[in-house]
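Source file query_24.cif; content: mmCIF, C-alpha atoms.
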data_coords
#
loop_
_atom_site.group_PDB
_atom_site.id
_atom_site.type_symbol
_atom_site.label_atom_id
_atom_site.label_comp_id
_atom_site.auth_asym_id
_atom_site.auth_seq_id
_atom_site.Cartn_x
_atom_site.Cartn_y
_atom_site.Cartn_z
ATOM 1 C CA MET V 1 0.000 0.000 0.000
ATOM 2 C CA PHE V 2 2.713 2.498 0.980
ATOM 3 C CA LYS V 3 4.924 1.521 -1.973
ATOM 4 C CA THR V 4 1.915 2.217 -4.211
ATOM 5 C CA TYR V 5 1.588 5.649 -2.594
ATOM 6 C CA LEU V 6 5.262 6.425 -3.176
ATOM 7 C CA SER V 7 4.873 5.310 -6.809
ATOM 8 C CA ALA V 8 1.898 7.683 -7.149
ATOM 9 C CA VAL V 9 4.059 10.540 -5.797
ATOM 10 C CA GLU V 10 6.714 9.686 -8.407
ATOM 11 C CA VAL V 11 4.052 9.788 -11.163
ATOM 12 C CA LEU V 12 2.889 13.150 -9.798
ATOM 13 C CA ILE V 13 6.439 14.548 -9.885
ATOM 14 C CA THR V 14 6.772 13.371 -13.498
ATOM 15 C CA ASP V 15 3.488 15.083 -14.422
ATOM 16 C CA ILE V 16 4.566 18.310 -12.688
ATOM 17 C CA ALA V 17 7.926 18.311 -14.511
ATOM 18 C CA GLU V 18 6.177 17.741 -17.850
ATOM 19 C CA THR V 19 3.458 20.382 -17.416
ATOM 20 C CA VAL V 20 4.818 23.167 -15.193
ATOM 21 C CA GLU V 21 7.272 25.193 -17.237
ATOM 22 C CA GLU V 22 9.024 26.598 -14.156
ATOM 23 C CA LEU V 23 9.953 23.058 -13.020
ATOM 24 C CA ALA V 24 10.680 21.561 -16.443
ATOM 25 C CA TYR V 25 14.369 21.118 -15.542
ATOM 26 C CA ILE V 26 13.489 18.320 -13.091
ATOM 27 C CA GLU V 27 14.381 14.770 -14.158
ATOM 28 C CA PRO V 28 11.923 12.616 -12.160
ATOM 29 C CA ASP V 29 13.784 9.338 -12.706
ATOM 30 C CA GLN V 30 16.695 10.823 -10.720
ATOM 31 C CA ILE V 31 14.597 11.642 -7.645
ATOM 32 C CA ALA V 32 14.038 9.069 -4.884
ATOM 33 C CA VAL V 33 10.827 9.520 -2.864
ATOM 34 C CA ASN V 34 10.711 8.084 0.650
ATOM 35 C CA PHE V 35 8.763 8.238 3.904
ATOM 36 C CA LYS V 36 10.155 9.295 7.259
ATOM 37 C CA ARG V 37 8.345 9.143 10.562
ATOM 38 C CA SER V 38 7.237 12.538 11.929
ATOM 39 C CA ARG V 39 9.037 13.539 15.078
ATOM 40 C CA ASP V 40 6.842 13.884 18.145
ATOM 41 C CA GLY V 41 6.878 16.982 20.275
ATOM 42 C CA LEU V 42 8.036 19.440 17.630
ATOM 43 C CA SER V 43 6.484 22.878 17.963
ATOM 44 C CA GLU V 44 6.671 23.333 14.197
ATOM 45 C CA GLU V 45 5.855 20.174 12.276
ATOM 46 C CA VAL V 46 8.271 19.101 9.561
ATOM 47 C CA LEU V 47 6.219 17.933 6.566
ATOM 48 C CA ALA V 48 8.887 17.070 4.002
ATOM 49 C CA GLU V 49 12.556 17.460 3.217
ATOM 50 C CA THR V 50 14.673 17.539 0.068
ATOM 51 C CA THR V 51 18.297 16.424 0.068
ATOM 52 C CA GLY V 52 20.695 17.122 -2.783
ATOM 53 C CA LEU V 53 23.082 14.296 -3.618
ATOM 54 C CA SER V 54 25.748 15.992 -5.676
ATOM 55 C CA ASP V 55 27.736 13.564 -7.806
ATOM 56 C CA SER V 56 30.845 15.711 -7.687
ATOM 57 C CA ASN V 57 33.721 14.955 -5.373
ATOM 58 C CA PHE V 58 34.040 17.155 -2.356
ATOM 59 C CA GLY V 59 37.499 17.503 -0.962
ATOM 60 C CA SER V 60 39.747 19.201 1.449
ATOM 61 C CA ILE V 61 43.497 19.362 1.361
ATOM 62 C CA GLN V 62 45.426 19.226 4.597
ATOM 63 C CA LYS V 63 49.139 19.512 5.241
ATOM 64 C CA LYS V 64 50.481 17.276 8.009
ATOM 65 C CA GLU V 65 54.103 16.927 9.049
ATOM 66 C CA GLY V 66 55.442 18.092 5.677
ATOM 67 C CA ARG V 67 53.140 15.817 3.654
ATOM 68 C CA ILE V 68 50.066 16.929 1.740
ATOM 69 C CA GLU V 69 47.071 14.698 2.344
ATOM 70 C CA LYS V 70 43.945 15.061 0.227
ATOM 71 C CA PHE V 71 40.642 13.688 1.466
ATOM 72 C CA LEU V 72 38.016 13.136 -1.239
ATOM 73 C CA ALA V 73 34.398 12.369 -0.467
ATOM 74 C CA SER V 74 31.730 11.098 -2.837
ATOM 75 C CA LYS V 75 28.015 10.457 -2.375
ATOM 76 C CA THR V 76 25.852 7.993 -4.278
ATOM 77 C CA MET V 77 22.295 6.776 -3.745
ATOM 78 C CA LEU V 78 20.721 4.259 -6.090
ATOM 79 C CA LYS V 79 17.109 3.910 -7.208
ATOM 80 C CA ASP V 80 16.504 0.723 -9.173
ATOM 81 C CA GLY V 81 20.270 0.492 -9.631
ATOM 82 C CA ILE V 82 20.552 4.017 -11.075
ATOM 83 C CA PRO V 83 22.261 6.877 -9.189
ATOM 84 C CA VAL V 84 19.850 9.626 -8.116
ATOM 85 C CA LYS V 85 20.582 13.299 -7.594
ATOM 86 C CA TYR V 86 17.862 14.131 -5.071
ATOM 87 C CA SER V 87 15.882 12.531 -2.282
ATOM 88 C CA VAL V 88 12.450 13.853 -1.251
ATOM 89 C CA ASP V 89 11.243 12.574 2.123
ATOM 90 C CA LEU V 90 7.596 12.905 3.185
ATOM 91 C CA TYR V 91 7.093 12.859 6.952
ATOM 92 C CA ILE V 92 4.216 10.633 8.035
ATOM 93 C CA PRO V 93 1.662 10.886 9.534
ATOM 94 C CA ALA V 94 2.109 14.698 9.340
ATOM 95 C CA PHE V 95 1.953 14.718 5.518
ATOM 96 C CA PHE V 96 -1.133 12.459 5.474
ATOM 97 C CA ASN V 97 -2.950 14.813 7.876
ATOM 98 C CA LEU V 98 -2.839 17.690 5.380
ATOM 99 C CA LYS V 99 -5.675 18.713 3.076
ATOM 100 C CA PHE V 100 -5.300 18.203 -0.683
ATOM 101 C CA LYS V 101 -3.963 21.673 -1.518
ATOM 102 C CA GLU V 102 -1.540 21.636 1.424
ATOM 103 C CA LYS V 103 -0.118 18.295 0.263
ATOM 104 C CA LEU V 104 0.367 19.675 -3.226
ATOM 105 C CA LEU V 105 1.937 22.889 -1.862
ATOM 106 C CA THR V 106 4.338 20.775 0.215
ATOM 107 C CA ILE V 107 5.420 18.757 -2.834
ATOM 108 C CA PHE V 108 5.890 21.901 -4.953
ATOM 109 C CA HIS V 109 7.778 23.544 -2.072
ATOM 110 C CA GLU V 110 10.224 20.617 -1.971
ATOM 111 C CA LEU V 111 10.625 20.399 -5.753
ATOM 112 C CA TYR V 112 11.430 24.108 -5.933
ATOM 113 C CA HIS V 113 14.394 23.512 -3.597
ATOM 114 C CA ILE V 114 15.998 21.521 -6.449
ATOM 115 C CA HIS V 115 18.598 23.618 -8.266
ATOM 116 C CA PRO V 116 17.651 24.596 -11.863
ATOM 117 C CA LYS V 117 20.915 23.023 -13.088
ATOM 118 C CA PHE V 118 19.682 19.695 -11.645
ATOM 119 C CA ASP V 119 23.216 18.931 -10.537
ATOM 120 C CA GLY V 120 22.547 17.412 -7.119
ATOM 121 C CA GLU V 121 22.765 20.777 -5.359
ATOM 122 C CA LEU V 122 19.940 22.697 -3.714
ATOM 123 C CA ARG V 123 18.686 26.102 -4.884
ATOM 124 C CA MET V 124 20.219 28.854 -2.766
ATOM 125 C CA PHE V 125 19.161 32.465 -2.445
ATOM 126 C CA LYS V 126 21.393 35.385 -1.492
ATOM 127 C CA GLY V 127 21.497 36.543 2.111
ATOM 128 C CA LYS V 128 20.528 34.891 5.351
ATOM 129 C CA GLY V 129 17.257 33.546 3.916
ATOM 130 C CA TYR V 130 19.279 31.290 1.619
ATOM 131 C CA LYS V 131 16.674 28.468 1.590
ATOM 132 C CA HIS V 132 13.550 30.490 0.783
ATOM 133 C CA GLY V 133 14.791 33.930 -0.224
ATOM 134 C CA SER V 134 14.379 37.203 1.611
ATOM 135 C CA SER V 135 10.674 36.580 2.249
ATOM 136 C CA MET V 136 9.130 33.231 3.217
ATOM 137 C CA GLU V 137 5.731 34.797 2.485
ATOM 138 C CA ARG V 138 6.811 35.572 -1.101
ATOM 139 C CA TYR V 139 8.183 32.018 -1.495
ATOM 140 C CA ASP V 140 4.842 30.578 -0.280
ATOM 141 C CA LYS V 141 2.852 32.850 -2.598
ATOM 142 C CA TYR V 142 4.955 31.707 -5.543
ATOM 143 C CA MET V 143 4.271 28.081 -4.598
ATOM 144 C CA GLU V 144 0.535 28.897 -4.487
ATOM 145 C CA TYR V 145 0.823 30.420 -7.961
ATOM 146 C CA LEU V 146 2.540 27.272 -9.303
ATOM 147 C CA VAL V 147 -0.026 24.974 -7.663
ATOM 148 C CA GLU V 148 -2.946 26.992 -9.071
ATOM 149 C CA LYS V 149 -1.345 26.944 -12.500
ATOM 150 C CA TYR V 150 -0.961 23.158 -12.208
ATOM 151 C CA THR V 151 -4.449 22.429 -10.817
ATOM 152 C CA ASP V 152 -6.205 24.644 -13.404
ATOM 153 C CA ARG V 153 -5.899 21.732 -15.830
ATOM 154 C CA GLU V 154 -7.341 19.289 -13.239
ATOM 155 C CA PRO V 155 -4.471 16.791 -13.329
ATOM 156 C CA GLU V 156 -5.320 13.132 -12.815
ATOM 157 C CA ALA V 157 -1.880 12.483 -11.365
ATOM 158 C CA ALA V 158 -2.808 14.479 -8.230
ATOM 159 C CA GLU V 159 -6.150 12.759 -7.543
ATOM 160 C CA PHE V 160 -4.702 10.286 -5.040
ATOM 161 C CA LEU V 161 -3.865 13.223 -2.736
ATOM 162 C CA LYS V 162 -7.606 13.887 -2.310
ATOM 163 C CA LYS V 163 -8.260 10.501 -0.708
ATOM 164 C CA ASP V 164 -9.281 10.386 2.921
ATOM 165 C CA HIS V 165 -6.175 9.418 4.811
ATOM 166 C CA GLU V 166 -7.946 8.738 8.117
ATOM 167 C CA LYS V 167 -8.099 5.109 6.992
ATOM 168 C CA ILE V 168 -4.333 5.082 6.549
ATOM 169 C CA SER V 169 -3.509 6.567 9.969
ATOM 170 C CA PRO V 170 -4.261 3.387 12.001
ATOM 171 C CA LEU V 171 -1.988 1.421 9.666
ATOM 172 C CA LEU V 172 0.875 3.847 10.300
ATOM 173 C CA ALA V 173 1.228 2.674 13.890
ATOM 174 C CA THR V 174 2.165 -0.822 12.704
ATOM 175 C CA TYR V 175 3.942 0.142 9.490
ATOM 176 C CA LYS V 176 7.697 -0.178 9.761
ATOM 177 C CA ILE V 177 9.218 2.420 7.476
ATOM 178 C CA PRO V 178 12.151 0.925 5.599
ATOM 179 C CA ARG V 179 15.262 2.905 6.440
ATOM 180 C CA ILE V 180 16.666 4.424 3.278
ATOM 181 C CA VAL V 181 20.218 5.288 4.136
ATOM 182 C CA LYS V 182 21.366 8.505 2.569
ATOM 183 C CA PRO V 183 24.982 8.290 1.602
ATOM 184 C CA GLU V 184 27.469 9.825 3.964
ATOM 185 C CA PRO V 185 30.656 11.081 2.366
ATOM 186 C CA SER V 186 33.306 8.385 2.152
ATOM 187 C CA LEU V 187 36.782 9.626 2.879
ATOM 188 C CA PHE V 188 39.801 8.563 0.871
ATOM 189 C CA ARG V 189 43.327 9.642 1.674
ATOM 190 C CA ILE V 190 45.945 10.383 -0.948
ATOM 191 C CA THR V 191 49.398 11.292 0.295
ATOM 192 C CA TRP V 192 52.199 13.067 -1.606
ATOM 193 C CA ARG V 193 55.759 13.334 -0.296
#

For this file, produce the structure as structure tokens.
Amino acid sequence: MFKTYLSAVEVLITDIAETVEELAYIEPDQIAVNFKRSRDGLSEEVLAETTGLSDSNFGSIQKKEGRIEKFLASKTMLKDGIPVKYSVDLYIPAFFNLKFKEKLLTIFHELYHIHPKFDGELRMFKGKGYKHGSSMERYDKYMEYLVEKYTDREPEAAEFLKKDHEKISPLLATYKIPRIVKPEPSLFRITWR
């Protein structure tokens, strides 16, 4: 049941990328969609999260005792054996408790965090509001605009979000969410003398 739901989210992301011009740079087959359990006791509920999985090597060079040591780190996450560039996690049951439009806004919000170059990095804005720009209100209004633009054509791919999720909630208590391990950087040491 939950795998079917995740598959429906992947179909929705594909439909959004194909029909919303502002998100046309997204390559849905390189996005992994997962569930995470909502954390209890948070004053502000986390609904979803996007992680960029850059395929470039990150490195730092350190000099120790006259030698130069270079540490390289790489990240890889596979979906059906293919490396992905982004992971979108939906927090349950928090995500299921939202109304249709709020679910769609949450998905658009997360997709907009994906960098337009689709290079495994996240979109960054200038200044201290680097995740959402100088105004969170403006960011939210833009997401509303994109959602309205998308829903004006009454997309079938989003219909599953309208279903009553009260029936799903009791199942969540017994559902063991498979742990999808996001890759941590692996360190390699190269030494020159």

Output of the PyMOL selection byres ((chain V and resi 16-25) around 7), listed as a VMD selection string = chain V and resid 12 to 15 26 to 27 116 118 150

Within 12 Å of Glu148 in chain V using all atoms listed in the file, minus same-chain residues under 2 positions, as a PyMOL selection string = chain V and resi 20+101-102+104-105+108+141-146+150-155

Keeping C-alpha atoms for every residue in the selection just given, could you write it to a file as a tab-separated table (two decimals), in the frame of the given file?
chain	number	residue	atom	x	y	z
V	20	VAL	CA	4.82	23.17	-15.19
V	101	LYS	CA	-3.96	21.67	-1.52
V	102	GLU	CA	-1.54	21.64	1.42
V	104	LEU	CA	0.37	19.68	-3.23
V	105	LEU	CA	1.94	22.89	-1.86
V	108	PHE	CA	5.89	21.90	-4.95
V	141	LYS	CA	2.85	32.85	-2.60
V	142	TYR	CA	4.96	31.71	-5.54
V	143	MET	CA	4.27	28.08	-4.60
V	144	GLU	CA	0.54	28.90	-4.49
V	145	TYR	CA	0.82	30.42	-7.96
V	146	LEU	CA	2.54	27.27	-9.30
V	150	TYR	CA	-0.96	23.16	-12.21
V	151	THR	CA	-4.45	22.43	-10.82
V	152	ASP	CA	-6.20	24.64	-13.40
V	153	ARG	CA	-5.90	21.73	-15.83
V	154	GLU	CA	-7.34	19.29	-13.24
V	155	PRO	CA	-4.47	16.79	-13.33

Applied to this file, what does the PyMOL selection byres ((chain V and resi 111) around 9) return in terms of residues, put as a PyMOL selection string?
-> chain V and resi 13+23+26+50+88+106-110+112-115

Since I can't run it myself right now, could you work out what the PyMOL selection byres ((chain V and resi 34) around 6) selects here and report it as a compact mmCIF listing (two decimals) with C-alpha atoms, in the coordinates of the input?
# COMPACT_ATOMS: atom_id res chain seq x y z
CA VAL V 33 10.83 9.52 -2.86
CA PHE V 35 8.76 8.24 3.90
CA ASP V 89 11.24 12.57 2.12

For Lys131 in chain V, which residue among V:Asp119, V:Glu49, V:Glu159, V:Glu10 is the nearest when counting only C-alpha atoms?
->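 That would be V:Glu49, the residue with the smallest distance to Lys131 in chain V.
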
Quick one, how far is CA of Arg138 in chain V from CA of Val46 in chain V?
->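 Atom-to-atom, CA of Arg138 in chain V and CA of Val46 in chain V are spaced 19.7 Å apart.
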